[in-house]
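Data block for my_file.cif (mmCIF, C-alpha atoms and all ligand atoms):
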data_entry
#
loop_
_atom_site.label_atom_id
_atom_site.label_comp_id
_atom_site.auth_asym_id
_atom_site.auth_seq_id
_atom_site.Cartn_x
_atom_site.Cartn_y
_atom_site.Cartn_z
CA MET A 1 189.25 -63.04 -85.28
CA ALA A 2 192.78 -62.00 -84.24
CA TYR A 3 192.52 -64.53 -81.39
CA VAL A 4 191.67 -67.26 -83.92
CA LEU A 5 194.65 -66.54 -86.16
CA ILE A 6 197.06 -66.52 -83.24
CA PHE A 7 195.51 -69.76 -81.95
CA SER A 8 195.91 -71.54 -85.37
CA ARG A 9 199.53 -70.54 -85.65
CA HIS A 10 200.40 -72.09 -82.27
CA PHE A 11 198.44 -75.31 -82.88
CA PRO A 12 199.19 -76.60 -86.39
CA PHE A 13 196.45 -79.34 -86.89
CA SER A 14 195.51 -80.97 -90.17
CA HIS A 15 193.94 -78.58 -92.71
CA ARG A 16 190.28 -79.81 -92.31
CA LEU A 17 190.54 -80.02 -88.54
CA ARG A 18 191.98 -76.55 -88.41
CA GLY A 19 189.08 -75.08 -90.45
CA THR A 20 186.46 -76.66 -88.15
CA SER A 21 188.30 -75.46 -85.04
CA ILE A 22 188.48 -71.94 -86.37
CA CYS A 23 184.70 -71.93 -87.02
CA LEU A 24 183.84 -73.24 -83.54
CA LEU A 25 186.24 -70.85 -81.86
CA SER A 26 184.80 -67.91 -83.83
CA LEU A 27 181.30 -68.80 -82.69
CA PHE A 28 182.39 -69.21 -79.07
CA ILE A 29 184.24 -65.90 -78.97
CA SER A 30 181.30 -64.11 -80.62
CA PHE A 31 179.04 -65.51 -77.91
CA LEU A 32 181.43 -64.30 -75.18
CA CYS A 33 181.49 -60.81 -76.72
CA TYR A 34 177.68 -60.72 -76.91
CA CYS A 35 177.40 -61.73 -73.26
CA ALA A 36 179.86 -59.05 -72.24
CA LEU A 37 177.94 -56.37 -74.13
CA PHE A 38 174.35 -57.40 -73.11
CA PRO A 39 174.63 -59.13 -69.73
CA GLY A 40 170.95 -58.64 -68.64
CA ALA A 41 169.21 -60.08 -71.62
CA ALA A 42 170.80 -63.48 -71.59
CA VAL A 43 170.65 -63.95 -67.82
CA MET A 44 167.02 -62.62 -67.23
CA GLN A 45 165.43 -64.84 -69.81
CA LYS A 46 167.11 -67.82 -68.36
CA SER A 47 166.13 -67.08 -64.75
CA GLY A 48 162.53 -66.29 -65.67
CA ASP A 49 162.48 -63.31 -63.26
CA PRO A 50 160.73 -60.48 -65.13
CA THR A 51 161.31 -57.63 -62.67
CA PRO A 52 164.62 -56.18 -63.86
CA SER A 53 163.47 -56.01 -67.47
CA CYS A 54 160.34 -54.25 -66.25
CA LEU A 55 162.42 -51.70 -64.39
CA GLN A 56 164.42 -51.04 -67.55
CA ALA A 57 161.17 -50.05 -69.24
CA ASP A 58 160.54 -47.19 -66.78
CA GLY A 59 160.45 -43.65 -68.05
CA VAL A 60 159.19 -44.34 -71.55
CA LYS A 61 155.47 -44.28 -72.26
CA LEU A 62 155.39 -47.16 -74.72
CA ARG A 63 157.56 -49.41 -72.64
CA LEU A 64 155.64 -48.46 -69.49
CA GLN A 65 152.37 -49.51 -71.05
CA LYS A 66 153.93 -52.86 -71.78
CA SER A 67 155.38 -52.97 -68.29
CA LEU A 68 151.92 -52.84 -66.65
CA SER A 69 151.76 -56.60 -66.99
CA CYS A 70 155.16 -56.70 -65.33
CA LEU A 71 153.67 -55.07 -62.25
CA HIS A 72 151.11 -57.86 -62.06
CA PRO A 73 152.70 -61.00 -63.40
CA LEU A 74 149.91 -63.09 -61.81
CA ASP A 75 147.36 -61.51 -64.11
CA ALA A 76 149.51 -62.33 -67.11
CA GLN A 77 149.73 -65.93 -65.87
CA ARG A 78 145.93 -66.11 -65.37
CA SER A 79 145.32 -64.76 -68.87
CA SER A 80 147.61 -67.21 -70.53
CA ALA A 81 146.19 -70.08 -68.44
CA ALA A 82 142.71 -69.15 -69.72
CA GLY A 83 144.03 -69.09 -73.25
CA GLU A 84 143.68 -65.29 -73.56
CA ALA A 85 146.30 -62.92 -74.79
CA PRO A 86 147.48 -60.80 -71.80
CA GLN A 87 145.62 -57.47 -71.89
CA PRO A 88 146.93 -54.12 -70.72
CA GLN A 89 145.27 -53.17 -67.41
CA THR A 90 142.43 -50.66 -67.54
CA ASP A 91 142.28 -47.67 -65.17
CA GLN A 92 139.47 -49.23 -63.18
CA ARG A 93 141.23 -52.48 -62.49
CA ARG A 94 144.62 -51.00 -61.69
CA PRO A 95 144.23 -47.43 -60.45
CA ALA A 96 147.79 -47.23 -59.09
CA ALA A 97 149.35 -48.41 -62.32
CA ALA A 98 147.07 -46.16 -64.33
CA ALA A 99 148.00 -43.23 -62.11
CA ALA A 100 151.67 -43.96 -62.65
CA LEU A 101 151.02 -44.01 -66.37
CA THR A 102 149.22 -40.67 -66.23
CA ALA A 103 151.94 -39.15 -64.08
CA ARG A 104 154.65 -40.14 -66.50
CA ASP A 105 152.61 -39.34 -69.58
CA ASN A 106 151.98 -35.62 -69.85
CA THR A 107 149.04 -36.06 -72.26
CA PRO A 108 146.19 -34.00 -70.72
CA SER A 109 143.29 -36.16 -69.49
CA PRO A 110 139.85 -35.50 -71.06
CA PRO A 111 137.65 -33.00 -69.14
CA MET A 112 135.61 -35.78 -67.48
CA SER A 113 135.29 -33.86 -64.24
CA HIS A 114 133.03 -31.36 -65.99
CA LEU A 115 130.85 -34.06 -67.49
CA LYS A 116 130.69 -36.05 -64.31
CA PHE A 117 130.24 -33.42 -61.64
CA GLY A 118 128.98 -30.24 -63.37
CA ASN A 119 129.50 -26.76 -61.97
CA LYS A 120 128.43 -24.85 -58.91
CA LYS A 121 125.86 -22.29 -60.03
CA LEU A 122 124.03 -19.51 -58.24
CA PRO A 123 120.47 -20.60 -57.44
CA ASN A 124 117.80 -20.36 -60.12
CA ALA A 125 115.08 -20.71 -57.49
CA ILE A 126 114.95 -19.88 -53.78
CA ILE A 127 112.43 -20.88 -51.12
CA VAL A 128 112.37 -17.54 -49.30
CA GLY A 129 109.86 -18.33 -46.56
CA VAL A 130 108.02 -18.43 -44.39
CA LYS A 131 109.55 -19.71 -41.19
CA LYS A 132 107.55 -22.74 -39.92
CA GLY A 133 105.47 -22.71 -43.10
CA GLY A 134 106.69 -26.10 -44.37
CA THR A 135 109.80 -24.92 -46.22
CA ARG A 136 111.86 -28.02 -45.38
CA ALA A 137 109.13 -30.33 -46.65
CA VAL A 138 108.95 -28.45 -49.98
CA LEU A 139 112.72 -28.55 -50.45
CA GLU A 140 113.05 -32.24 -49.54
CA PHE A 141 110.15 -33.18 -51.79
CA ILE A 142 111.24 -31.15 -54.83
CA ARG A 143 114.85 -32.27 -54.62
CA ILE A 144 113.92 -35.87 -55.42
CA HIS A 145 113.30 -34.53 -58.92
CA PRO A 146 116.32 -35.51 -61.07
CA ASP A 147 116.57 -32.00 -62.52
CA VAL A 148 116.83 -30.31 -59.12
CA ARG A 149 119.81 -30.05 -56.81
CA ALA A 150 119.75 -28.07 -53.59
CA ALA A 151 122.01 -26.74 -50.86
CA GLY A 152 121.32 -28.90 -47.80
CA THR A 153 121.52 -26.22 -45.14
CA GLU A 154 120.09 -22.73 -44.89
CA THR A 155 122.74 -20.39 -46.26
CA HIS A 156 121.39 -17.08 -44.82
CA PHE A 157 123.44 -15.37 -47.52
CA PHE A 158 121.05 -12.50 -48.29
CA ASP A 159 120.34 -11.64 -44.66
CA ARG A 160 123.35 -12.55 -42.50
CA ASN A 161 126.24 -13.34 -44.85
CA TYR A 162 125.85 -10.84 -47.66
CA ASP A 163 129.27 -9.29 -46.98
CA ARG A 164 130.93 -12.60 -47.91
CA GLY A 165 130.09 -12.04 -51.56
CA LEU A 166 128.46 -14.02 -54.34
CA GLU A 167 131.44 -16.33 -54.87
CA TRP A 168 131.17 -17.50 -51.26
CA TYR A 169 127.47 -18.10 -51.86
CA ARG A 170 128.12 -19.99 -55.09
CA GLY A 171 130.62 -22.17 -53.22
CA LEU A 172 127.82 -23.42 -50.95
CA MET A 173 125.84 -24.73 -53.90
CA PRO A 174 125.91 -28.32 -55.14
CA ARG A 175 127.39 -29.06 -58.54
CA THR A 176 124.77 -29.25 -61.26
CA LEU A 177 124.65 -30.26 -64.89
CA GLU A 178 123.41 -27.74 -67.45
CA SER A 179 119.95 -29.32 -67.42
CA GLN A 180 119.57 -29.13 -63.63
CA ILE A 181 118.37 -26.23 -61.53
CA THR A 182 119.99 -25.11 -58.28
CA MET A 183 117.89 -24.32 -55.21
CA GLU A 184 118.31 -23.25 -51.63
CA LYS A 185 115.93 -22.35 -48.82
CA THR A 186 116.31 -19.76 -46.09
CA PRO A 187 112.89 -18.93 -44.57
CA SER A 188 113.98 -15.67 -42.92
CA TYR A 189 114.48 -14.01 -46.32
CA PHE A 190 110.76 -13.33 -46.68
CA VAL A 191 110.74 -10.88 -43.74
CA THR A 192 114.18 -9.29 -44.23
CA LYS A 193 113.85 -5.82 -45.74
CA GLU A 194 117.07 -5.91 -47.81
CA THR A 195 116.59 -9.40 -49.28
CA PRO A 196 114.33 -8.70 -52.32
CA HIS A 197 116.66 -5.99 -53.56
CA ARG A 198 119.75 -8.18 -53.02
CA ILE A 199 118.27 -11.21 -54.79
CA SER A 200 117.21 -9.06 -57.76
CA ALA A 201 120.75 -7.65 -57.89
CA MET A 202 122.04 -11.23 -58.21
CA SER A 203 119.49 -12.08 -60.91
CA GLN A 204 116.10 -10.63 -61.76
CA GLU A 205 115.24 -14.05 -63.21
CA THR A 206 115.39 -15.81 -59.84
CA LYS A 207 112.22 -17.76 -59.14
CA LEU A 208 110.85 -17.34 -55.63
CA ILE A 209 108.78 -19.78 -53.60
CA VAL A 210 106.91 -18.81 -50.44
CA VAL A 211 105.30 -21.50 -48.30
CA VAL A 212 102.53 -19.80 -46.35
CA ARG A 213 100.50 -21.14 -43.45
CA ASP A 214 97.72 -19.79 -41.25
CA PRO A 215 99.59 -17.02 -39.39
CA VAL A 216 98.07 -17.96 -36.02
CA THR A 217 99.16 -21.63 -36.26
CA ARG A 218 102.50 -20.45 -37.64
CA ALA A 219 103.02 -18.14 -34.62
CA ILE A 220 102.22 -21.00 -32.20
CA SER A 221 104.61 -23.32 -34.10
CA ASP A 222 107.32 -20.66 -33.94
CA TYR A 223 106.77 -20.19 -30.20
CA THR A 224 106.80 -23.97 -29.60
CA GLN A 225 110.17 -24.19 -31.32
CA THR A 226 111.67 -21.32 -29.29
CA LEU A 227 110.28 -22.81 -26.06
CA SER A 228 111.96 -26.13 -26.83
CA LYS A 229 115.31 -24.31 -26.82
CA THR A 230 114.50 -21.77 -24.06
CA PRO A 231 112.31 -23.44 -21.41
CA ASP A 232 112.02 -20.31 -19.19
CA LEU A 233 110.39 -18.28 -21.97
CA PRO A 234 107.39 -16.10 -20.93
CA SER A 235 103.98 -17.47 -21.90
CA PHE A 236 102.72 -17.17 -25.48
CA GLN A 237 100.02 -14.72 -24.38
CA ASP A 238 102.51 -12.53 -22.51
CA LEU A 239 104.58 -12.20 -25.67
CA ALA A 240 101.74 -11.94 -28.20
CA PHE A 241 99.71 -9.18 -26.49
CA LYS A 242 100.58 -5.74 -25.21
CA ASN A 243 97.23 -5.86 -23.46
CA GLN A 244 95.23 -9.05 -23.87
CA SER A 245 92.00 -7.79 -22.23
CA LEU A 246 91.91 -4.91 -24.72
CA GLY A 247 92.98 -7.24 -27.54
CA ILE A 248 96.12 -5.19 -28.36
CA VAL A 249 98.59 -7.42 -30.19
CA ASP A 250 102.35 -6.83 -29.97
CA MET A 251 103.30 -6.50 -33.63
CA SER A 252 106.97 -6.10 -32.75
CA TRP A 253 107.21 -9.72 -31.55
CA ASN A 254 108.79 -11.64 -34.41
CA ALA A 255 106.37 -14.58 -34.15
CA ILE A 256 103.52 -12.12 -34.81
CA ARG A 257 105.33 -9.90 -37.33
CA ILE A 258 106.26 -12.77 -39.67
CA GLY A 259 102.55 -13.57 -40.22
CA LEU A 260 101.82 -10.13 -41.72
CA TYR A 261 102.29 -11.61 -45.18
CA ALA A 262 100.70 -8.73 -47.12
CA LEU A 263 103.16 -6.21 -45.68
CA HIS A 264 106.22 -8.31 -46.51
CA LEU A 265 104.93 -9.14 -49.97
CA GLU A 266 104.62 -5.42 -50.80
CA ASN A 267 108.38 -5.14 -50.36
CA TRP A 268 109.01 -8.09 -52.74
CA LEU A 269 106.70 -6.70 -55.39
CA ARG A 270 108.89 -3.61 -55.64
CA TYR A 271 111.60 -5.85 -57.17
CA PHE A 272 109.84 -8.90 -58.64
CA PRO A 273 106.65 -9.37 -60.66
CA LEU A 274 103.99 -11.47 -58.96
CA ALA A 275 104.31 -14.10 -61.69
CA GLN A 276 107.83 -14.81 -60.48
CA ILE A 277 106.63 -15.69 -56.98
CA HIS A 278 104.89 -18.98 -56.28
CA PHE A 279 102.88 -19.51 -53.10
CA VAL A 280 102.58 -22.98 -51.61
CA SER A 281 99.79 -23.65 -49.13
CA GLY A 282 101.38 -25.07 -45.99
CA GLU A 283 98.04 -26.73 -45.11
CA ARG A 284 97.60 -28.46 -48.50
CA LEU A 285 101.23 -29.49 -48.42
CA ILE A 286 100.20 -31.84 -45.58
CA THR A 287 96.84 -33.03 -46.98
CA ASP A 288 97.87 -33.21 -50.65
CA PRO A 289 101.67 -33.08 -51.06
CA ALA A 290 101.56 -34.40 -54.64
CA GLY A 291 99.10 -31.68 -55.70
CA GLU A 292 101.26 -28.91 -54.22
CA LEU A 293 104.41 -30.43 -55.73
CA ALA A 294 102.75 -30.61 -59.16
CA ARG A 295 102.23 -26.84 -59.02
CA VAL A 296 105.80 -26.26 -57.82
CA GLN A 297 107.16 -28.32 -60.73
CA ASP A 298 104.99 -26.38 -63.21
CA PHE A 299 106.23 -23.09 -61.76
CA LEU A 300 109.85 -24.20 -62.07
CA GLY A 301 109.30 -25.40 -65.66
CA LEU A 302 110.01 -29.00 -64.71
CA LYS A 303 108.41 -32.17 -65.96
CA ARG A 304 105.95 -33.53 -63.39
CA ILE A 305 108.08 -36.36 -62.06
CA VAL A 306 107.34 -36.04 -58.33
CA THR A 307 103.82 -37.47 -58.02
CA ASP A 308 101.57 -39.20 -55.48
CA LYS A 309 103.49 -42.45 -56.01
CA HIS A 310 106.37 -40.85 -54.08
CA PHE A 311 104.37 -40.19 -50.88
CA TYR A 312 102.62 -42.13 -48.18
CA PHE A 313 100.93 -40.88 -45.03
CA ASN A 314 102.82 -41.91 -41.93
CA ARG A 315 100.22 -42.32 -39.17
CA THR A 316 102.79 -42.27 -36.35
CA LYS A 317 104.34 -39.03 -37.57
CA GLY A 318 100.98 -37.62 -38.65
CA PHE A 319 102.51 -36.26 -41.85
CA PRO A 320 103.25 -37.34 -45.40
CA CYS A 321 106.66 -38.92 -45.86
CA LEU A 322 108.68 -40.04 -48.87
CA LYS A 323 108.33 -43.69 -49.89
CA LYS A 324 111.31 -45.98 -50.02
CA PRO A 325 113.12 -45.45 -53.34
CA GLU A 326 112.99 -48.44 -55.73
CA SER A 327 116.76 -48.93 -55.61
CA SER A 328 117.54 -48.85 -51.89
CA GLY A 329 117.17 -46.97 -48.62
CA SER A 330 114.22 -46.62 -46.28
CA PRO A 331 111.12 -44.41 -46.18
CA ARG A 332 111.97 -40.84 -45.24
CA CYS A 333 110.02 -38.61 -42.88
CA LEU A 334 111.24 -35.18 -41.82
CA GLY A 335 113.06 -34.97 -38.49
CA LYS A 336 111.66 -34.51 -34.98
CA SER A 337 111.78 -30.71 -35.21
CA LYS A 338 109.12 -30.88 -37.95
CA GLY A 339 105.66 -31.74 -36.71
CA ARG A 340 106.08 -31.00 -33.00
CA THR A 341 103.09 -31.11 -30.67
CA HIS A 342 102.11 -27.46 -30.20
CA VAL A 343 101.81 -25.66 -26.92
CA GLN A 344 98.14 -25.37 -25.88
CA ILE A 345 96.88 -21.80 -26.25
CA ASP A 346 93.49 -20.77 -24.85
CA ARG A 347 90.65 -20.31 -27.31
CA ASP A 348 90.13 -16.61 -26.52
CA ALA A 349 93.71 -15.73 -27.39
CA ILE A 350 93.42 -17.64 -30.65
CA GLU A 351 90.17 -15.81 -31.55
CA GLN A 352 91.77 -12.46 -30.76
CA LEU A 353 94.71 -13.30 -33.01
CA ARG A 354 92.38 -14.41 -35.80
CA ASP A 355 90.59 -11.04 -35.59
CA PHE A 356 93.93 -9.28 -35.66
CA TYR A 357 95.21 -11.11 -38.75
CA ARG A 358 91.95 -11.10 -40.74
CA PRO A 359 92.42 -7.78 -42.59
CA TYR A 360 96.03 -8.64 -43.40
CA ASN A 361 94.99 -12.06 -44.67
CA VAL A 362 92.25 -10.61 -46.86
CA LYS A 363 94.73 -8.13 -48.29
CA PHE A 364 97.16 -10.97 -48.95
CA TYR A 365 94.49 -13.08 -50.73
CA GLU A 366 93.74 -10.09 -52.97
CA MET A 367 97.38 -9.50 -53.77
CA VAL A 368 98.10 -13.08 -54.78
CA GLY A 369 94.65 -13.84 -56.25
CA HIS A 370 94.06 -16.87 -54.03
CA ASP A 371 91.98 -17.47 -50.90
CA PHE A 372 93.92 -19.66 -48.45
CA ARG A 373 90.85 -19.90 -46.10
CA TRP A 374 92.62 -19.23 -42.82
CA GLU A 375 89.53 -18.92 -40.63
N1 LIG B 401 105.67 -33.80 -44.54
C1 LIG B 401 105.89 -33.05 -43.47
N2 LIG B 401 106.54 -33.54 -42.41
C2 LIG B 401 106.75 -32.77 -41.32
N3 LIG B 401 106.38 -31.49 -41.22
C3 LIG B 401 105.72 -30.95 -42.25
C4 LIG B 401 105.46 -31.70 -43.41
N4 LIG B 401 104.79 -30.91 -44.27
C5 LIG B 401 104.65 -29.74 -43.67
N5 LIG B 401 105.19 -29.74 -42.45
C6 LIG B 401 105.22 -28.62 -41.54
O1 LIG B 401 106.46 -27.99 -41.63
C7 LIG B 401 106.57 -27.22 -40.45
C8 LIG B 401 107.99 -26.75 -40.28
O2 LIG B 401 108.17 -25.74 -41.24
P1 LIG B 401 109.57 -25.36 -41.80
O3 LIG B 401 110.23 -26.55 -42.38
O4 LIG B 401 109.38 -24.22 -42.73
O5 LIG B 401 110.32 -24.91 -40.48
S1 LIG B 401 111.64 -24.01 -40.39
O6 LIG B 401 111.26 -22.63 -40.60
O7 LIG B 401 112.61 -24.51 -41.38
O8 LIG B 401 112.10 -24.24 -39.00
C9 LIG B 401 106.08 -28.12 -39.37
O9 LIG B 401 105.54 -27.32 -38.36
P2 LIG B 401 105.14 -27.88 -36.91
O10 LIG B 401 104.06 -28.88 -37.14
O11 LIG B 401 104.64 -26.71 -36.18
O12 LIG B 401 106.35 -28.47 -36.32
C10 LIG B 401 105.04 -28.99 -40.07
O13 LIG B 401 103.72 -28.68 -39.72
#
As structure tokens, what does this structure read like?
Ligand SMILES: Nc1ncnc2c1ncn2[C@@H]1O[C@H](COP(=O)(O)OS(=O)(=O)O)[C@@H](OP(=O)(O)O)[C@H]1O
Amino acid sequence: MAYVLIFSRHFPFSHRLRGTSICLLSLFISFLCYCALFPGAAVMQKSGDPTPSCLQADGVKLRLQKSLSCLHPLDAQRSSAAGEAPQPQTDQRRPAAAAALTARDNTPSPPMSHLKFGNKKLPNAIIVGVKKGGTRAVLEFIRIHPDVRAAGTETHFFDRNYDRGLEWYRGLMPRTLESQITMEKTPSYFVTKETPHRISAMSQETKLIVVVRDPVTRAISDYTQTLSKTPDLPSFQDLAFKNQSLGIVDMSWNAIRIGLYALHLENWLRYFPLAQIHFVSGERLITDPAGELARVQDFLGLKRIVTDKHFYFNRTKGFPCLKKPESSGSPRCLGKSKGRTHVQIDRDAIEQLRDFYRPYNVKFYEMVGHDFRWE
């Protein structure tokens, strides 16, 4: 206003003209002052370039939310072209922007990770044996149940890795929801002296599954596997007998020892009641997988969801395989190491081994209350 008064003194116009000039000059000078104080606002809106005003919004949650549309002006244009009000971007559509928002906003995010991924838990159920009994088939078949999750590889925690501790073991487990059970399989547990005691020390509630198979066929399967890795292995007969003509079997050979099921089971029954151990027939697992899986599901307290509609018999493989899931994927058979062609063993040796195992088998049938008919 001082400028206006000075100006009017130096230019003495007529009274009306002077009043109008003073008004116009006042407005002009006010505009100049406004521009000097807020340079950005006037210039940005004129140029139509939104970026600097977006940058000004940085650092403040409310302004940053608004500024998300600044990061993607094309989206704002598309929205207005479609006649929609521009929407703030959701996390899914703009993860980078959403991340920036979260980083600047210290509000804790909801505990979605727990809901989504669950927790790693120690196993509720373990397939403890027997080697070459069909343990992989049982695990792969039961884990298609939505309430079962399993460690993919054999952990060998209770026999080889016990010193690593339970937290190491837990770390190997998949994440599960509260409603799901955790499983693992390590077939050597069944014949390891320390294992029953160690599992009961972890939890006396652990459910145990043993897949048993005719001990003579199992021994030949075991030998066939070792031979595939060690081609210069002595013959089966050389390893199985101390003296074949006298029919003296070498019980110290692992392939023979594993088949003495009754002796191993005695050790387990010192720590677990029989009702907590479920025996799967390795033979029926091949001829009737759905029947065996029904019993496994009952034992685990699961709804019978895995049924015969999940299996088909693959003639090439000579074994049951899993059907193609409805959603995607392809039929699934177990790998080449399951269902190998066995080494031919002469009939006499097989008969001698059957005689050797018979009393142990009978004892085993009595202990478990079931005749597996290994004749
Ligand atoms: N569906 C299906 N597909 C393929 N194989 C099957 C199946 N069901 C049971 N089996 C039998 O499983 C035997 C291998 O047993 P394991 O999985 O316990 O072996 S291992 O101890 O883990 O090495 C394997 O033994 P071999 O036939 O001697 O190879 C199979 O006879």
Enumerate residues in contact with ligand LIG 401 (chain B): an atom-to-atom distance of at most 8 Å, counting all atoms listed in the file. Format the result as number ranges by chain.
-> A: 129-138, 186-188, 211, 217-218, 220-222, 224-225, 282-283, 285-286, 289, 317-321, 333-335, 337-342
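The space between atom CA of Ala151 of chain A and atom CA of Ser179 of chain A spans 16.9 Å.
In terms of minimum interatomic distance to Pro146 of chain A, A:Ile305 ranks closest within A:Ala219, A:Val296, A:Ile305, A:Val128, counting all atoms listed in the file.
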So, counting all atoms listed in the file, which residue among A:Met173, A:Leu122, A:Ala349, A:Met367 is closest to Leu239 of chain A?
-> A:Ala349
Produce the centre coordinates and the three edge lengths, each in Å to one decimal, of the box along x, y and z that contains all listed atoms of segment 333-345 of chain A with 5 Å added on each side, as AutoDock Vina command-line options.
--center_x 105.0 --center_y -30.2 --center_z -34.4 --size_x 26.2 --size_y 26.8 --size_z 27.0
Which one is closest to Arg304 of chain A: A:Glu140, A:His145, A:His278, A:Arg354? Count only C-alpha atoms.
-> A:His145
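Proximity of A:Asp147, A:His156, A:His310, A:Arg213 to Lys324 of chain A, computed with all atoms listed in the file, is greatest for A:His310.
Near (97.8, -21.7, -48.0), the residues that fall inside 8 Å on the basis of all atoms listed in the file are Val211, Val212, Arg213, Asp214, Phe279, Val280, Ser281, Gly282, Glu283, Arg284, Asp371, Phe372, Arg373 and Trp374 of chain A.
Distances from A:Lys207, A:Lys120, A:His197, A:Arg143 to Tyr169 of chain A were compared using all atoms listed in the file, and the smallest one belongs to A:Lys120.
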Taking (89.6, -9.9, -30.9) in the file's coordinates, which residues come within 12 Å, counting all atoms listed in the file, written as a PDB file with C-alpha atoms, in the frame of the given file?
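Output contents, as saved in selection-v2.pdb:
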ATOM      1  CA  PHE A 241      99.710  -9.180 -26.490  1.00  0.00           C
ATOM      2  CA  ASN A 243      97.230  -5.860 -23.460  1.00  0.00           C
ATOM      3  CA  GLN A 244      95.230  -9.050 -23.870  1.00  0.00           C
ATOM      4  CA  SER A 245      92.000  -7.790 -22.230  1.00  0.00           C
ATOM      5  CA  LEU A 246      91.910  -4.910 -24.720  1.00  0.00           C
ATOM      6  CA  GLY A 247      92.980  -7.240 -27.540  1.00  0.00           C
ATOM      7  CA  ILE A 248      96.120  -5.190 -28.360  1.00  0.00           C
ATOM      8  CA  VAL A 249      98.590  -7.420 -30.190  1.00  0.00           C
ATOM      9  CA  ARG A 347      90.650 -20.310 -27.310  1.00  0.00           C
ATOM     10  CA  ASP A 348      90.130 -16.610 -26.520  1.00  0.00           C
ATOM     11  CA  ALA A 349      93.710 -15.730 -27.390  1.00  0.00           C
ATOM     12  CA  ILE A 350      93.420 -17.640 -30.650  1.00  0.00           C
ATOM     13  CA  GLU A 351      90.170 -15.810 -31.550  1.00  0.00           C
ATOM     14  CA  GLN A 352      91.770 -12.460 -30.760  1.00  0.00           C
ATOM     15  CA  LEU A 353      94.710 -13.300 -33.010  1.00  0.00           C
ATOM     16  CA  ARG A 354      92.380 -14.410 -35.800  1.00  0.00           C
ATOM     17  CA  ASP A 355      90.590 -11.040 -35.590  1.00  0.00           C
ATOM     18  CA  PHE A 356      93.930  -9.280 -35.660  1.00  0.00           C
ATOM     19  CA  TYR A 357      95.210 -11.110 -38.750  1.00  0.00           C
ATOM     20  CA  ARG A 358      91.950 -11.100 -40.740  1.00  0.00           C
TER      21      ARG A 358
END
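Taking atom CA of Pro123 of chain A and atom CA of Glu194 of chain A as the two end points, the separation is 17.9 Å.
The residue that comes closest to Gly259 of chain A, out of A:Asp346, A:Gln237, A:Glu326, A:Tyr360 and on the basis of all atoms listed in the file, is A:Tyr360.
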